[in-house]
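run09.cif (mmCIF, C-alpha atoms) appears below.
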```
data_data
#
loop_
_atom_site.label_atom_id
_atom_site.label_comp_id
_atom_site.auth_asym_id
_atom_site.auth_seq_id
_atom_site.Cartn_x
_atom_site.Cartn_y
_atom_site.Cartn_z
CA LYS A 1 102.83 32.74 83.96
CA GLU A 2 104.49 34.68 81.13
CA ALA A 3 101.29 36.71 80.58
CA ALA A 4 101.09 37.50 84.28
CA ILE A 5 104.66 38.76 84.23
CA VAL A 6 104.14 40.88 81.12
CA THR A 7 101.14 42.73 82.55
CA HIS A 8 103.21 43.98 85.49
CA THR A 9 106.27 45.24 83.61
CA ARG A 10 106.98 48.96 83.38
CA PRO A 11 106.56 49.14 79.56
CA PHE A 12 103.13 47.52 79.86
CA ARG A 13 102.05 49.97 82.56
CA ARG A 14 103.21 52.85 80.36
CA ALA A 15 101.16 51.41 77.50
CA VAL A 16 98.10 51.22 79.75
CA LEU A 17 98.62 54.84 80.81
CA ARG A 18 98.83 55.96 77.18
CA ARG A 19 95.57 54.13 76.46
CA VAL A 20 93.86 55.79 79.42
CA VAL A 21 95.06 59.23 78.30
CA ALA A 22 93.80 58.64 74.76
CA THR A 23 90.40 57.42 75.98
CA VAL A 24 89.90 60.41 78.28
CA ALA A 25 90.83 62.81 75.47
CA ASP A 26 88.43 61.15 73.05
CA ARG A 27 85.44 60.83 75.39
CA PHE A 28 85.72 63.93 77.56
CA ASP A 29 87.75 66.50 75.59
CA ILE A 30 90.36 66.40 78.38
CA ALA A 31 94.14 66.32 78.09
CA LEU A 32 95.20 64.04 80.95
CA ARG A 33 98.79 63.81 82.13
CA ALA A 34 100.27 61.52 84.78
CA ASP A 35 103.81 60.69 85.80
CA THR A 36 103.11 57.08 86.79
CA LEU A 37 100.38 54.48 86.83
CA ALA A 38 100.35 51.41 89.09
CA TYR A 39 97.64 48.85 89.72
CA ASP A 40 96.76 45.83 91.78
CA LEU A 41 94.37 43.56 89.91
CA LEU A 42 93.44 41.50 92.97
CA ASP A 43 92.48 44.57 95.01
CA ARG A 44 90.98 46.33 91.93
CA ARG A 45 93.08 49.38 92.76
CA VAL A 46 94.75 51.89 90.44
CA THR A 47 97.15 54.65 91.56
CA LEU A 48 98.14 57.65 89.45
CA THR A 49 100.80 60.15 90.52
CA GLY A 50 101.66 63.60 89.20
CA VAL A 51 98.25 64.06 87.61
CA SER A 52 96.95 67.09 85.74
CA ALA A 53 93.90 67.61 83.54
CA SER A 54 93.22 70.39 81.08
CA SER A 55 90.94 71.15 78.17
CA LEU A 56 92.24 70.11 74.76
CA GLN A 57 91.64 73.74 73.71
CA SER A 58 93.96 75.11 76.43
CA PRO A 59 96.30 72.27 77.41
CA GLU A 60 98.74 74.56 79.24
CA GLU A 61 96.10 75.83 81.70
CA ALA A 62 95.19 72.84 83.85
CA PHE A 63 91.85 73.03 85.68
CA PHE A 64 92.74 70.09 87.95
CA ALA A 65 95.90 68.63 89.44
CA ALA A 66 96.75 66.10 92.17
CA SER A 67 99.95 64.64 93.51
CA GLN A 68 98.21 61.26 93.77
CA ILE A 69 94.88 59.65 92.88
CA ASP A 70 93.88 56.27 94.30
CA ILE A 71 90.98 54.50 92.60
CA THR A 72 89.29 51.36 93.90
CA ALA A 73 86.89 49.77 91.44
CA SER A 74 83.76 47.91 92.46
CA ARG A 75 83.61 44.16 91.89
CA SER A 76 80.85 44.87 89.38
CA ALA A 77 83.45 46.64 87.22
CA LEU A 78 84.95 43.23 86.51
CA PHE A 79 81.72 42.22 84.79
CA GLY A 80 81.08 45.31 82.71
CA ALA A 81 79.09 47.59 85.05
CA PHE A 82 81.68 50.31 85.69
CA ARG A 83 81.59 51.68 89.23
CA LEU A 84 84.11 52.98 91.76
CA ASP A 85 83.95 52.03 95.42
CA ASP A 86 86.40 54.75 96.37
CA LEU A 87 88.19 57.71 94.79
CA ALA A 88 90.86 59.37 96.95
CA LEU A 89 92.66 62.60 96.00
CA THR A 90 95.91 63.69 97.62
CA GLY A 91 97.38 67.17 97.24
CA ALA A 92 94.70 68.30 94.81
CA SER A 93 93.88 71.67 93.26
CA VAL A 94 91.08 73.02 91.08
CA ASN A 95 91.72 76.21 89.08
CA ILE A 96 88.83 77.59 87.02
CA LEU A 97 89.48 80.52 84.71
CA ARG A 98 86.94 82.58 82.80
CA ARG A 99 88.76 84.84 80.38
CA ARG A 100 87.69 88.23 79.09
CA ASP A 101 86.75 86.79 75.66
CA PRO A 102 84.86 84.97 77.67
CA THR A 103 86.15 81.44 77.09
CA THR A 104 87.20 79.19 79.98
CA ASN A 105 89.88 76.62 80.70
CA LEU A 106 87.23 73.93 81.22
CA PRO A 107 86.50 71.20 78.66
CA ARG A 108 83.57 71.75 76.35
CA PRO A 109 80.37 69.91 77.33
CA GLY A 110 79.46 66.91 75.25
CA ALA A 111 76.53 66.89 72.88
CA ASP A 112 73.13 66.59 74.57
CA ASP A 113 71.36 63.46 73.34
CA GLY A 114 68.10 64.48 75.03
CA GLY A 115 68.13 61.66 77.59
CA GLU A 116 68.61 61.80 81.34
CA PRO A 117 72.23 62.52 82.28
CA GLY A 118 74.19 59.52 83.47
CA GLU A 119 74.90 59.28 87.18
CA VAL A 120 78.41 59.64 88.57
CA PRO A 121 79.41 56.03 89.42
CA ILE A 122 81.44 56.83 92.56
CA ASP A 123 80.36 55.57 95.98
CA ARG A 124 82.87 57.54 98.03
CA LEU A 125 85.08 60.56 97.35
CA ARG A 126 87.87 61.39 99.79
CA ILE A 127 90.01 64.53 99.54
CA ASP A 128 92.78 65.06 102.06
CA ARG A 129 93.46 68.63 100.92
CA LEU A 130 92.27 70.65 97.96
CA ALA A 131 93.03 74.22 96.90
CA PHE A 132 90.24 75.89 94.93
CA THR A 133 90.63 79.03 92.81
CA LEU A 134 88.03 80.68 90.59
CA THR A 135 89.05 83.67 88.49
CA ASP A 136 86.37 85.49 86.49
CA GLN A 137 88.06 88.18 84.41
CA VAL A 138 84.73 89.30 82.90
CA ASN A 139 83.27 90.34 86.27
CA ASP A 140 86.62 90.97 88.03
CA VAL A 141 85.83 88.30 90.63
CA GLN A 142 88.20 85.90 92.34
CA VAL A 143 87.49 83.16 94.88
CA VAL A 144 90.43 81.55 96.69
CA LEU A 145 89.89 78.68 99.13
CA PRO A 146 93.40 77.42 99.86
CA ALA A 147 92.60 74.29 101.86
CA LEU A 148 89.46 72.13 101.79
CA THR A 149 89.01 68.57 102.98
CA ALA A 150 86.11 66.24 102.21
CA ASP A 151 84.82 62.71 102.70
CA ILE A 152 81.64 62.37 100.65
CA GLY A 153 79.57 59.20 100.42
CA ARG A 154 76.20 58.32 98.95
CA GLU A 155 74.35 58.57 102.27
CA GLN A 156 76.52 60.86 104.38
CA GLY A 157 79.72 62.84 104.31
CA MET A 158 81.41 66.09 105.18
CA LEU A 159 83.12 69.11 103.68
CA ARG A 160 85.35 71.39 105.76
CA MET A 161 87.65 74.35 105.17
CA LEU A 162 91.02 74.03 106.89
CA GLN A 163 92.17 77.64 106.63
CA PRO A 164 90.56 80.98 105.73
CA GLY A 165 89.78 81.88 102.15
CA ARG A 166 89.16 85.11 100.26
CA VAL A 167 86.59 86.47 97.83
CA SER A 168 87.16 89.70 95.90
CA ARG A 169 85.31 91.74 93.32
CA GLY A 170 87.16 94.77 92.07
CA ALA A 171 88.33 96.68 95.15
CA ALA A 172 85.88 94.91 97.49
CA ALA A 173 87.06 91.83 99.37
CA LEU A 174 85.97 89.62 102.23
CA THR A 175 87.50 86.81 104.26
CA VAL A 176 85.88 83.38 104.24
CA GLN A 177 86.23 82.41 107.89
CA GLU A 178 84.36 79.12 107.94
CA LEU A 179 82.93 76.66 105.44
CA GLY A 180 81.74 73.23 106.45
CA GLY A 181 78.94 70.80 107.12
CA GLY A 182 77.35 67.62 105.93
CA VAL A 183 77.56 66.76 102.22
CA ALA A 184 76.39 63.58 100.49
CA PHE A 185 76.15 62.71 96.80
CA ASP A 186 74.29 59.68 95.46
CA GLY A 187 75.48 60.06 91.89
CA ARG A 188 72.66 62.40 90.89
CA ASN A 189 71.66 64.48 93.91
CA LEU A 190 73.83 66.59 96.21
CA ARG A 191 72.46 66.75 99.76
CA LEU A 192 73.56 69.46 102.20
CA THR A 193 73.07 69.19 105.97
CA ASP A 194 73.87 72.10 108.29
CA LEU A 195 76.30 73.55 105.75
CA ALA A 196 77.61 76.84 107.11
CA LEU A 197 79.46 79.63 105.31
CA ARG A 198 80.73 82.46 107.50
CA THR A 199 82.56 85.49 106.17
CA SER A 200 83.73 88.84 107.46
CA ASP A 201 80.55 90.35 105.98
CA GLY A 202 77.91 87.79 106.97
CA ALA A 203 76.87 84.16 107.26
CA ILE A 204 74.69 81.64 105.41
CA GLU A 205 73.45 78.24 106.60
CA ALA A 206 71.85 75.77 104.20
CA ASP A 207 70.00 72.45 104.27
CA GLY A 208 68.44 70.64 101.35
CA THR A 209 69.04 68.97 98.03
CA LEU A 210 70.38 69.97 94.64
CA ALA A 211 69.05 67.57 92.00
CA LEU A 212 71.80 67.88 89.41
CA LEU A 213 71.99 64.90 87.05
CA VAL A 214 68.27 64.41 86.41
CA ASP A 215 65.81 65.24 83.62
CA ASP A 216 64.54 68.24 85.58
CA PRO A 217 67.40 69.79 87.61
CA ARG A 218 66.11 71.65 90.65
CA VAL A 219 67.21 73.15 93.93
CA GLN A 220 65.34 72.55 97.18
CA LEU A 221 67.20 74.44 99.88
CA THR A 222 66.30 76.04 103.17
CA MET A 223 68.66 78.91 103.85
CA THR A 224 69.16 81.42 106.65
CA ALA A 225 71.38 84.45 106.26
CA SER A 226 72.68 87.28 108.38
CA GLY A 227 75.16 90.05 107.74
CA ASP A 228 76.31 93.64 107.89
CA VAL A 229 74.06 95.50 105.45
CA GLN A 230 76.53 98.32 104.81
CA ARG A 231 79.39 95.94 104.11
CA LEU A 232 77.24 93.71 101.91
CA ALA A 233 76.14 96.77 99.88
CA ARG A 234 79.65 96.92 98.43
CA TRP A 235 78.82 93.84 96.39
CA GLY A 236 75.69 95.31 94.81
#
```
Give the structure from this file in C-alpha cells form.
Amino acid sequence: KEAAIVTHTRPFRRAVLRRVVATVADRFDIALRADTLAYDLLDRRVTLTGVSASSLQSPEEAFFAASQIDITASRSALFGAFRLDDLALTGASVNILRRRDPTTNLPRPGADDGGEPGEVPIDRLRIDRLAFTLTDQVNDVQVVLPALTADIGREQGMLRMLQPGRVSRGAAALTVQELGGGVAFDGRNLRLTDLALRTSDGAIEADGTLALLVDDPRVQLTMTASGDVQRLARWG
C-alpha cells in the first residue's frame, strides 16, 4: 500500500517527468519541456500539459508545442513491446525554421545503422487543432496553415484545414483555400485518398502511397492539377 501511495505523489510524478525529459534528450537530441505529467496505470494513460520540444542545438526555438498531450499505451507495452493505441494532441503547433546559414531548428537525425528504419508505433493520431508554419529564409518562402485537424489511423483517417492558409515566396503570395481528404499511416506508409489542395492560383488532387520508413523509400501517387498559368508563372 505504501508503494502504491508513493507512486502517485507529486514529487514522484515530477521525478518521472525529469526521467522522461532526460531520455528524450539522450535518444532523440530533443529538449522536451512540460508543465505537468499525470498518469493512470490501470488505463495505461499518460497526460502531459504545457509541452514544448526543441533541438538541443537551439533550445529557445521550439519546433513543436501543445497545450496537452494524451497518450494511451497498448497492453503490449506492459510486456516490453512498446506501442501506443492512441496519441491525442490539443492546441498544437509546429514551427519549422530554415535559417540563412542554412541550419534549422529541427533535431539532428540519428546515425544511420544501415538497417530498415523502425516503424512509428502509434495506431491512432488525433489532433483537434494544429497551427503549422514553415519559414525558409534561404529561398524566402513561408507557409502558414493556421488551423488543421486530423484523425489518422492505420487503415483510414482524415486531414482537414479549418481556415485558409497562405504561401509566399518573395513578393508572390497565394491563399490556401482548401486542404483535406483521406489520410492513413500504418507506421511505415502514408496513404492518401482524394486529398485535395485548392489555392487562389490552382488546385491539386492526389491519391496513392508514400513509402517512408522502408529500405527503399518511394512515392506512388496519381495526381491531377489545374490552375491559372499566368499566376503560376510567378513561382517559376
Using CA of Thr49 (chain A) and CA of Thr72 (chain A) as the two end points, give the distance in Å to one decimal.
14.9 Å
Find the residues near region 25-39 of chain A: any atom within 6 Å, counting only C-alpha atoms, skip ones fewer than 4 places away on the same chain, and give them as a PyMOL selection string.
chain A and resi 21+45-56+107
Taking the file as I've supplied it (selection: the PyMOL selection byres ((chain A and resi 96) around 12)), which residues are included? Please answer as a ChimeraX atom specification.
/A:53-55,61-65,93-95,97-99,103-107,131-137,141-144
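Taking CA of Pro121 (chain A) as the reference point, CA of Ala150 (chain A) is found at 17.7 Å.
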Place a sphere of radius 7 Å on (73.8, 63.1, 87.2) in the file coordinates and name every protein, DNA or RNA residue with an atom inside or on its surface, counting only C-alpha atoms; give the answer as a PyMOL selection string.
chain A and resi 117-120+187-188+212-214
Spatial neighbours of Gly157 (chain A), max dist 10 Å, only C-alpha atoms, sep filter under 4 positions, as a tab-separated table (two decimals) with C-alpha atoms, in the frame of the given file:
```tsv
chain	number	residue	atom	x	y	z
A	124	ARG	CA	82.87	57.54	98.03
A	125	LEU	CA	85.08	60.56	97.35
A	126	ARG	CA	87.87	61.39	99.79
A	150	ALA	CA	86.11	66.24	102.21
A	151	ASP	CA	84.82	62.71	102.70
A	152	ILE	CA	81.64	62.37	100.65
A	153	GLY	CA	79.57	59.20	100.42
A	181	GLY	CA	78.94	70.80	107.12
A	182	GLY	CA	77.35	67.62	105.93
A	183	VAL	CA	77.56	66.76	102.22
A	184	ALA	CA	76.39	63.58	100.49
A	185	PHE	CA	76.15	62.71	96.80
A	191	ARG	CA	72.46	66.75	99.76
A	192	LEU	CA	73.56	69.46	102.20
A	193	THR	CA	73.07	69.19	105.97
```
Resolved residues for the PyMOL selection byres ((chain A and resi 231) around 10) as a count of residues only:
14
Of the listed residues A:Ala171, A:Leu221, A:Val20, A:Leu41, that which approaches Leu195 (chain A) most closely, counting all atoms listed in the file:
A:Leu221
Check what the PyMOL selection byres ((chain A and resi 209) around 6) selects in the file above and give those residues as a VMD selection string.
chain A and resid 190 to 191 208 210 220
To one decimal place, how far is CA of Val167 (chain A) from CA of Glu205 (chain A) in Å?
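Atom-to-atom, CA of Val167 (chain A) and CA of Glu205 (chain A) are spaced 17.8 Å apart.
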Kindly provide, as a list in words, the polymer residues lying within 7 Å of (88.1, 46.3, 90.6), counting all atoms listed in the file and using the coordinates exactly as they appear in the file.
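Protein and nucleic acid residues near the point are Leu41, Asp43, Arg44, Arg45, Thr72, Ala73, Ser74, Arg75, Ala77 and Leu78 of chain A.
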